[in-house]
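Okay, structure.pdb now, which holds PDB, C-alpha atoms and all ligand atoms:
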MODEL        1
ATOM      1  CA  MET A   1     111.775 110.361 111.371
ATOM      2  CA  LYS A   2     112.285 112.817 108.535
ATOM      3  CA  ILE A   3     110.140 112.828 105.390
ATOM      4  CA  THR A   4     111.215 114.645 102.226
ATOM      5  CA  PHE A   5     108.714 115.057  99.420
ATOM      6  CA  LEU A   6     110.899 114.335  96.377
ATOM      7  CA  GLY A   7     108.002 114.713  93.963
ATOM      8  CA  THR A   8     104.311 115.531  94.396
ATOM      9  CA  GLY A   9     103.022 115.558  90.813
ATOM     10  CA  THR A  10     100.842 113.206  88.831
ATOM     11  CA  SER A  11     102.186 111.004  86.031
ATOM     12  CA  GLN A  12     103.089 113.771  83.559
ATOM     13  CA  GLY A  13     104.549 116.063  86.240
ATOM     14  CA  ILE A  14     103.812 119.803  86.402
ATOM     15  CA  PRO A  15     104.393 121.642  84.129
ATOM     16  CA  ILE A  16     103.235 119.245  81.443
ATOM     17  CA  ILE A  17     105.371 119.390  78.294
ATOM     18  CA  GLY A  18     103.916 121.935  75.871
ATOM     19  CA  SER A  19     101.007 122.948  78.139
ATOM     20  CA  ASN A  20      99.626 126.487  78.303
ATOM     21  CA  HIS A  21      97.461 125.723  81.347
ATOM     22  CA  PRO A  22      97.842 128.571  83.906
ATOM     23  CA  VAL A  23      99.042 126.157  86.616
ATOM     24  CA  CYS A  24     101.688 124.796  84.225
ATOM     25  CA  LEU A  25     102.790 128.396  83.528
ATOM     26  CA  SER A  26     102.842 129.391  87.224
ATOM     27  CA  GLU A  27     106.119 130.792  88.505
ATOM     28  CA  ASN A  28     105.461 129.699  92.070
ATOM     29  CA  PRO A  29     108.023 126.959  92.881
ATOM     30  CA  LYS A  30     105.258 125.146  94.820
ATOM     31  CA  ASP A  31     103.416 124.647  91.509
ATOM     32  CA  LYS A  32     106.364 122.754  89.992
ATOM     33  CA  ARG A  33     105.921 119.073  90.716
ATOM     34  CA  LEU A  34     108.159 116.161  89.754
ATOM     35  CA  ARG A  35     106.770 112.637  89.621
ATOM     36  CA  VAL A  36     105.622 111.367  93.015
ATOM     37  CA  SER A  37     108.104 109.934  95.526
ATOM     38  CA  VAL A  38     109.152 110.379  99.156
ATOM     39  CA  LEU A  39     112.346 109.876 101.076
ATOM     40  CA  VAL A  40     111.880 108.353 104.542
ATOM     41  CA  GLU A  41     114.818 108.695 106.941
ATOM     42  CA  TRP A  42     115.292 107.584 110.535
ATOM     43  CA  GLU A  43     118.452 106.933 112.587
ATOM     44  CA  ASP A  44     121.012 105.973 109.896
ATOM     45  CA  TYR A  45     118.440 104.594 107.459
ATOM     46  CA  THR A  46     117.306 106.113 104.174
ATOM     47  CA  PHE A  47     114.539 104.535 102.115
ATOM     48  CA  VAL A  48     112.877 105.895  99.025
ATOM     49  CA  VAL A  49     109.302 105.047  98.083
ATOM     50  CA  ASP A  50     109.089 104.633  94.291
ATOM     51  CA  CYS A  51     111.672 105.437  91.701
ATOM     52  CA  GLY A  52     110.073 107.334  88.831
ATOM     53  CA  PRO A  53     111.557 109.071  85.788
ATOM     54  CA  ASP A  54     112.724 112.044  87.899
ATOM     55  CA  PHE A  55     114.695 109.880  90.363
ATOM     56  CA  ARG A  56     118.143 111.154  89.332
ATOM     57  CA  GLN A  57     117.140 114.790  89.648
ATOM     58  CA  GLN A  58     115.409 114.069  92.972
ATOM     59  CA  MET A  59     118.460 112.349  94.461
ATOM     60  CA  LEU A  60     120.672 115.274  93.412
ATOM     61  CA  ARG A  61     118.216 117.891  94.665
ATOM     62  CA  ALA A  62     117.805 116.231  98.070
ATOM     63  CA  LYS A  63     121.574 115.529  98.255
ATOM     64  CA  VAL A  64     121.042 111.835  98.972
ATOM     65  CA  THR A  65     124.374 110.026  99.340
ATOM     66  CA  LYS A  66     123.165 106.504 100.133
ATOM     67  CA  ILE A  67     119.957 104.511 100.084
ATOM     68  CA  ASP A  68     119.041 101.427 102.077
ATOM     69  CA  GLY A  69     116.379 100.401  99.605
ATOM     70  CA  VAL A  70     113.631 101.317  97.190
ATOM     71  CA  ILE A  71     110.083 100.361  98.194
ATOM     72  CA  PHE A  72     107.600 100.232  95.320
ATOM     73  CA  THR A  73     103.890 100.977  95.501
ATOM     74  CA  HIS A  74     103.104  99.563  92.029
ATOM     75  CA  GLU A  75     104.587  99.172  88.551
ATOM     76  CA  HIS A  76     103.268 102.213  86.669
ATOM     77  CA  ALA A  77     105.907 104.130  84.725
ATOM     78  CA  ASP A  78     105.726 107.290  86.859
ATOM     79  CA  HIS A  79     106.738 105.141  89.876
ATOM     80  CA  THR A  80     109.426 102.909  88.332
ATOM     81  CA  MET A  81     111.148 104.327  85.260
ATOM     82  CA  GLY A  82     114.129 105.775  87.139
ATOM     83  CA  LEU A  83     115.382 102.385  88.276
ATOM     84  CA  ASP A  84     118.502 102.494  86.074
ATOM     85  CA  ASP A  85     119.660 105.545  88.046
ATOM     86  CA  ILE A  86     120.318 103.473  91.166
ATOM     87  CA  ARG A  87     123.716 102.906  89.498
ATOM     88  CA  PRO A  88     125.689 105.516  91.495
ATOM     89  CA  PHE A  89     124.384 103.945  94.724
ATOM     90  CA  PHE A  90     125.201 100.438  93.434
ATOM     91  CA  PHE A  91     128.782 101.471  92.580
ATOM     92  CA  LYS A  92     129.295 102.745  96.141
ATOM     93  CA  GLN A  93     127.222 100.273  98.131
ATOM     94  CA  GLY A  94     126.834  97.065  96.112
ATOM     95  CA  ASP A  95     123.497  95.337  95.493
ATOM     96  CA  ILE A  96     120.517  97.582  96.159
ATOM     97  CA  ASP A  97     117.542  96.228  98.133
ATOM     98  CA  LEU A  98     114.226  96.489  96.304
ATOM     99  CA  PHE A  99     110.883  95.828  98.002
ATOM    100  CA  ALA A 100     107.809  95.152  95.849
ATOM    101  CA  HIS A 101     104.846  92.921  95.209
ATOM    102  CA  GLN A 102     105.756  89.831  93.147
ATOM    103  CA  ARG A 103     103.677  91.156  90.240
ATOM    104  CA  VAL A 104     105.634  94.436  90.296
ATOM    105  CA  PHE A 105     108.927  92.508  90.106
ATOM    106  CA  LYS A 106     107.597  90.601  87.069
ATOM    107  CA  SER A 107     106.929  93.903  85.360
ATOM    108  CA  LEU A 108     110.343  95.348  86.328
ATOM    109  CA  GLU A 109     112.067  92.166  85.102
ATOM    110  CA  LYS A 110     110.546  92.690  81.654
ATOM    111  CA  ARG A 111     111.408  96.364  81.377
ATOM    112  CA  PHE A 112     114.808  96.175  83.070
ATOM    113  CA  ASP A 113     115.773  92.655  81.934
ATOM    114  CA  TYR A 114     119.473  93.608  81.919
ATOM    115  CA  ILE A 115     119.334  94.406  85.662
ATOM    116  CA  PHE A 116     117.547  91.213  86.662
ATOM    117  CA  THR A 117     119.293  88.791  84.286
ATOM    118  CA  THR A 118     121.014  85.823  85.891
ATOM    119  CA  GLY A 119     123.302  85.564  82.855
ATOM    120  CA  GLU A 120     126.434  87.591  82.218
ATOM    121  CA  LYS A 121     125.883  91.300  82.671
ATOM    122  CA  TYR A 122     127.219  94.168  80.628
ATOM    123  CA  PRO A 123     129.823  96.003  82.734
ATOM    124  CA  GLY A 124     128.274  98.788  84.830
ATOM    125  CA  VAL A 125     124.823  97.242  85.066
ATOM    126  CA  PRO A 126     123.501  97.466  88.642
ATOM    127  CA  SER A 127     122.539  94.467  90.766
ATOM    128  CA  VAL A 128     119.613  94.294  93.128
ATOM    129  CA  THR A 129     118.304  92.093  95.915
ATOM    130  CA  LYS A 130     114.607  91.312  95.618
ATOM    131  CA  HIS A 131     112.378  91.406  98.683
ATOM    132  CA  ILE A 132     108.869  90.290  97.786
ATOM    133  CA  VAL A 133     106.232  92.230  99.708
ATOM    134  CA  LYS A 134     103.039  90.446 100.677
ATOM    135  CA  ASN A 135     100.283  92.033 102.669
ATOM    136  CA  GLU A 136     102.131  91.522 105.954
ATOM    137  CA  PRO A 137     104.714  93.562 107.879
ATOM    138  CA  PHE A 138     108.311  93.394 106.647
ATOM    139  CA  LEU A 139     111.602  94.660 107.976
ATOM    140  CA  ALA A 140     113.173  97.751 106.358
ATOM    141  CA  GLY A 141     116.339  98.593 108.277
ATOM    142  CA  ASN A 142     115.310  98.126 111.908
ATOM    143  CA  LEU A 143     111.663  99.075 111.372
ATOM    144  CA  ASN A 144     108.618  96.931 110.700
ATOM    145  CA  VAL A 145     106.837  98.464 107.732
ATOM    146  CA  ILE A 146     103.141  97.665 107.357
ATOM    147  CA  PRO A 147     101.757  97.408 103.806
ATOM    148  CA  ILE A 148      98.324  98.923 103.174
ATOM    149  CA  ASP A 149      96.528  97.140 100.368
ATOM    150  CA  GLY A 150      94.433  99.226  97.993
ATOM    151  CA  LEU A 151      93.117  99.503  94.467
ATOM    152  CA  HIS A 152      94.157 101.925  91.712
ATOM    153  CA  TYR A 153      91.057 101.340  89.544
ATOM    154  CA  LYS A 154      91.475  97.519  89.266
ATOM    155  CA  LEU A 155      95.217  97.385  89.909
ATOM    156  CA  GLN A 156      96.441  96.312  93.347
ATOM    157  CA  VAL A 157      98.752  98.911  94.944
ATOM    158  CA  PHE A 158     100.520  99.043  98.295
ATOM    159  CA  GLY A 159     100.669 102.031 100.593
ATOM    160  CA  TYR A 160     103.062 101.784 103.551
ATOM    161  CA  ARG A 161     102.980 102.611 107.232
ATOM    162  CA  PHE A 162     106.335 103.405 108.873
ATOM    163  CA  ASP A 163     105.698 103.756 112.594
ATOM    164  CA  ASN A 164     103.191 106.654 112.899
ATOM    165  CA  PHE A 165     103.695 107.853 109.342
ATOM    166  CA  ALA A 166     101.671 106.416 106.443
ATOM    167  CA  TYR A 167     102.094 107.047 102.738
ATOM    168  CA  LEU A 168      99.279 106.230 100.320
ATOM    169  CA  THR A 169      99.461 107.052  96.646
ATOM    170  CA  ASP A 170      97.508 106.072  93.538
ATOM    171  CA  MET A 171      94.645 104.786  95.674
ATOM    172  CA  LYS A 172      90.991 104.875  94.787
ATOM    173  CA  THR A 173      89.617 102.098  97.009
ATOM    174  CA  ILE A 174      90.766 100.845 100.427
ATOM    175  CA  ALA A 175      89.010  97.963 102.182
ATOM    176  CA  GLU A 176      87.789  98.390 105.794
ATOM    177  CA  THR A 177      90.355  95.826 107.040
ATOM    178  CA  GLU A 178      93.141  97.979 105.615
ATOM    179  CA  ILE A 179      91.650 101.193 107.015
ATOM    180  CA  GLU A 180      92.078  99.606 110.477
ATOM    181  CA  LYS A 181      95.861  99.716 109.981
ATOM    182  CA  LEU A 182      95.762 103.507 109.629
ATOM    183  CA  GLN A 183      94.544 104.449 113.098
ATOM    184  CA  ASN A 184      96.493 106.799 115.416
ATOM    185  CA  LEU A 185      98.765 108.315 112.806
ATOM    186  CA  ASP A 186     100.868 111.403 113.370
ATOM    187  CA  VAL A 187     101.097 112.009 109.634
ATOM    188  CA  LEU A 188      99.074 110.621 106.747
ATOM    189  CA  VAL A 189     100.069 111.340 103.156
ATOM    190  CA  VAL A 190      97.346 110.568 100.634
ATOM    191  CA  ASN A 191      96.814 111.122  96.922
ATOM    192  CA  ALA A 192      94.370 113.839  95.801
ATOM    193  CA  LEU A 193      94.523 114.201  92.033
ATOM    194  CA  ARG A 194      92.051 116.949  91.215
ATOM    195  CA  ILE A 195      88.618 118.382  92.065
ATOM    196  CA  THR A 196      86.497 116.200  89.765
ATOM    197  CA  GLU A 197      86.016 112.447  90.099
ATOM    198  CA  HIS A 198      88.684 110.194  88.540
ATOM    199  CA  ILE A 199      88.539 106.476  87.749
ATOM    200  CA  SER A 200      91.744 105.453  89.548
ATOM    201  CA  HIS A 201      92.619 108.206  92.065
ATOM    202  CA  PHE A 202      90.941 109.890  95.019
ATOM    203  CA  ASN A 203      89.805 113.363  94.127
ATOM    204  CA  LEU A 204      90.111 116.163  96.707
ATOM    205  CA  ASP A 205      86.781 115.436  98.435
ATOM    206  CA  GLN A 206      87.505 111.701  98.707
ATOM    207  CA  ALA A 207      90.960 112.334 100.172
ATOM    208  CA  LEU A 208      89.492 114.804 102.703
ATOM    209  CA  GLU A 209      86.798 112.288 103.620
ATOM    210  CA  LEU A 210      89.428 109.638 104.351
ATOM    211  CA  ILE A 211      91.382 112.127 106.468
ATOM    212  CA  LYS A 212      88.210 113.029 108.382
ATOM    213  CA  ASN A 213      87.586 109.356 109.159
ATOM    214  CA  LEU A 214      91.155 108.488 110.147
ATOM    215  CA  LYS A 215      91.864 111.672 112.141
ATOM    216  CA  PRO A 216      95.672 111.733 111.778
ATOM    217  CA  LYS A 217      97.311 114.646 113.613
ATOM    218  CA  ARG A 218      98.347 116.083 110.241
ATOM    219  CA  ALA A 219      97.703 115.106 106.635
ATOM    220  CA  TYR A 220      99.442 116.017 103.373
ATOM    221  CA  LEU A 221      98.043 115.652  99.863
ATOM    222  CA  THR A 222     100.179 114.424  96.968
ATOM    223  CA  HIS A 223     100.102 113.006  93.367
ATOM    224  CA  ILE A 224      98.622 116.309  92.277
ATOM    225  CA  SER A 225      97.447 117.230  88.778
ATOM    226  CA  HIS A 226      97.454 120.760  87.340
ATOM    227  CA  HIS A 227      93.648 120.414  87.371
ATOM    228  CA  LEU A 228      93.667 120.719  91.180
ATOM    229  CA  GLY A 229      94.615 124.391  90.806
ATOM    230  CA  PHE A 230      97.312 126.742  92.098
ATOM    231  CA  HIS A 231      99.027 125.555  95.277
ATOM    232  CA  ASP A 232      98.313 128.718  97.272
ATOM    233  CA  ASP A 233      94.630 128.834  96.297
ATOM    234  CA  VAL A 234      93.992 125.181  97.146
ATOM    235  CA  GLN A 235      95.872 125.427 100.458
ATOM    236  CA  GLN A 236      93.703 128.364 101.612
ATOM    237  CA  ASN A 237      90.572 126.242 101.529
ATOM    238  CA  LEU A 238      91.876 123.126 103.287
ATOM    239  CA  PRO A 239      90.998 122.154 106.889
ATOM    240  CA  GLU A 240      93.566 123.397 109.404
ATOM    241  CA  ASN A 241      95.455 120.087 109.836
ATOM    242  CA  VAL A 242      95.576 119.352 106.080
ATOM    243  CA  PHE A 243      98.327 120.621 103.798
ATOM    244  CA  LEU A 244      99.052 120.421 100.130
ATOM    245  CA  ALA A 245     102.489 118.824  99.821
ATOM    246  CA  TYR A 246     105.010 120.431  97.479
ATOM    247  CA  ASP A 247     108.389 119.365  96.152
ATOM    248  CA  ASN A 248     111.285 119.706  98.631
ATOM    249  CA  LEU A 249     108.932 120.000 101.630
ATOM    250  CA  GLN A 250     110.487 118.297 104.657
ATOM    251  CA  ILE A 251     108.607 117.276 107.747
ATOM    252  CA  THR A 252     109.810 115.744 110.976
ATOM    253  CA  ILE A 253     107.743 113.277 112.933
TER     254      ILE A 253
HETATM  255 ZN    ZN A 301     101.101 107.420  89.737
ENDMDL
END
Just give me the structure of the file as C-alpha cells.
Amino acid sequence: MKITFLGTGTSQGIPIIGSNHPVCLSENPKDKRLRVSVLVEWEDYTFVVDCGPDFRQQMLRAKVTKIDGVIFTHEHADHTMGLDDIRPFFFKQGDIDLFAHQRVFKSLEKRFDYIFTTGEKYPGVPSVTKHIVKNEPFLAGNLNVIPIDGLHYKLQVFGYRFDNFAYLTDMKTIAETEIEKLQNLDVLVVNALRITEHISHFNLDQALELIKNLKPKRAYLTHISHHLGFHDDVQQNLPENVFLAYDNLQITI
C-alpha cells in the first residue's frame, strides 16, 4: 500500500493569505501545506480521502490519472469544496463513487445541488454514485475499510482504517470502543493542530498521547496549523517513531 500526503495543512492552508507569521513566510517546502487529504493506493486501486479546495492542484501534483472513489471524513469546507474538480475523472471513467455519512451527503447535496440533481443536468456536470457509510466496515475496491467514529467538537467525523494503515483527521474525542479498532497498526496518521489546546482538534500533546497508547509502528501528524511551528524544529523534538507529515511525502506500508 502506498500513501501520498496530498495536503497536511489546517483549514486555511499554510501560508495563510496575507499572513506575516514566520511559518507562513518560511521558504522550506515542508512548511507549505495545502488543505488536508491523502491518496491511498494498493494493487490497481486509488482512493482519495477528502476533496478540499486544493483538490485540482493535488491531483496534478501527484499525477493522479484515475480514482476509484472519494471517501469523506466530514462535510467541512476544507474537506469537500473541491468536489466539482472530479470532472476530468468523470469524463474519462463515468460516475464517480463517493463514500460518506448520510449527513455529509445531505450537506453536499445542498452545496453541489447541480451534481446530485435527479432532474436534467447542464452538459458537463459530473455524476456520482453515493455509498452511505455507517459505522461498520465497507468495501472499497477489494478491501474492507473500517470506519473509526470520532468527534470534532460536537460534530461526528469518520476516520478510516485500511488494512494496517489508519487515517484520523479533525478528531478531538474518540470513544474507547473505537480505540479498540486501532490496535496493531503499521502506520497511524492523526491530526495535531498546534501546541495549545483547541476546541475541536487534538493538540500536539493529545496526538502524542494517543500514539503512545496505540503503539503503531510509525505515526505521522497532519492537519497542521502555522501555530505548531517550523517543520524542522517540531520534527526534532518528536519521539523516534513519530514524524510530522508534509505535502508530497509518500510512504509505503
Ligand atoms: Zn479540517
Please list as a PDB file with C-alpha atoms, in the coordinates of the input every residue within 10 Å of A:Ala166, counting only C-alpha atoms and excluding residues in the same chain fewer than 4 positions away.
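Final output, around_24.pdb:
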ATOM      1  CA  VAL A 145     106.837  98.464 107.732  1.00  0.00           C
ATOM      2  CA  ILE A 146     103.141  97.665 107.357  1.00  0.00           C
ATOM      3  CA  PRO A 147     101.757  97.408 103.806  1.00  0.00           C
ATOM      4  CA  ILE A 148      98.324  98.923 103.174  1.00  0.00           C
ATOM      5  CA  GLY A 159     100.669 102.031 100.593  1.00  0.00           C
ATOM      6  CA  TYR A 160     103.062 101.784 103.551  1.00  0.00           C
ATOM      7  CA  ARG A 161     102.980 102.611 107.232  1.00  0.00           C
ATOM      8  CA  PHE A 162     106.335 103.405 108.873  1.00  0.00           C
ATOM      9  CA  LYS A 181      95.861  99.716 109.981  1.00  0.00           C
ATOM     10  CA  LEU A 182      95.762 103.507 109.629  1.00  0.00           C
ATOM     11  CA  GLN A 183      94.544 104.449 113.098  1.00  0.00           C
ATOM     12  CA  LEU A 185      98.765 108.315 112.806  1.00  0.00           C
ATOM     13  CA  ASP A 186     100.868 111.403 113.370  1.00  0.00           C
ATOM     14  CA  VAL A 187     101.097 112.009 109.634  1.00  0.00           C
ATOM     15  CA  LEU A 188      99.074 110.621 106.747  1.00  0.00           C
ATOM     16  CA  VAL A 189     100.069 111.340 103.156  1.00  0.00           C
ATOM     17  CA  VAL A 190      97.346 110.568 100.634  1.00  0.00           C
ATOM     18  CA  PRO A 216      95.672 111.733 111.778  1.00  0.00           C
ATOM     19  CA  ALA A 219      97.703 115.106 106.635  1.00  0.00           C
TER      20      ALA A 219
END
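Near ligand ZN 301 (chain A), at distances of 7 Å or less and with all atoms listed in the file counted, sit the residues A:Thr10, A:Ser11, A:Val36, A:His76, A:Asp78, A:His79, A:Asp170, A:His223.
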**OP:** Would you be able to write out as a list of chain:residue names which residues have an atom within 7 Å of (93.5, 118.7, 106.1) in the file's coordinates, counting only C-alpha atoms?
**Re:**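 Result, sorted by chain then residue number: A:Leu208, A:Ile211, A:Arg218, A:Ala219, A:Leu238, A:Pro239, A:Glu240, A:Asn241, A:Val242, A:Phe243.
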How would the residues just picked look written out with C-alpha atoms as a compact mmCIF listing (two decimals), in the coordinates of the input?
# COMPACT_ATOMS: atom_id res chain seq x y z
CA LEU A 208 89.49 114.80 102.70
CA ILE A 211 91.38 112.13 106.47
CA ARG A 218 98.35 116.08 110.24
CA ALA A 219 97.70 115.11 106.64
CA LEU A 238 91.88 123.13 103.29
CA PRO A 239 91.00 122.15 106.89
CA GLU A 240 93.57 123.40 109.40
CA ASN A 241 95.46 120.09 109.84
CA VAL A 242 95.58 119.35 106.08
CA PHE A 243 98.33 120.62 103.80
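Interatomic distance, atom CA of A:Thr80 against atom CA of A:Asp205: 27.8 Å.
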Subject >> Near-A:Val157 list (6 Å; all atoms listed in the file; drop same-chain fewer than 5 positions) as a list in words >> reply: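 Contacts, in chain order: Thr73, His74, Gly150 and Leu151 of chain A.
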**OP:** Select, from A:Lys2, A:Arg111, A:Arg35, A:Lys212, the residue with the minimum atom-to-atom distance to A:Pro15, counting all atoms listed in the file.
**Re:**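 Distance minimum relative to A:Pro15 lands on A:Arg35.
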**OP:** Apply the PyMOL selection byres (((chain A and resi 129) around 10) and not hetatm) to the file shown and report the selected residues as a PyMOL selection string.
**Re:** chain A and resi 69+94-99+116+127-128+130-132
**OP:** Select, from A:Glu120, A:Asp31, A:Asp54, A:Glu136, the residue with the minimum atom-to-atom distance to A:Gln235, counting all atoms listed in the file.
**Re:**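 Closest residue, counting all atoms listed in the file: A:Asp31.
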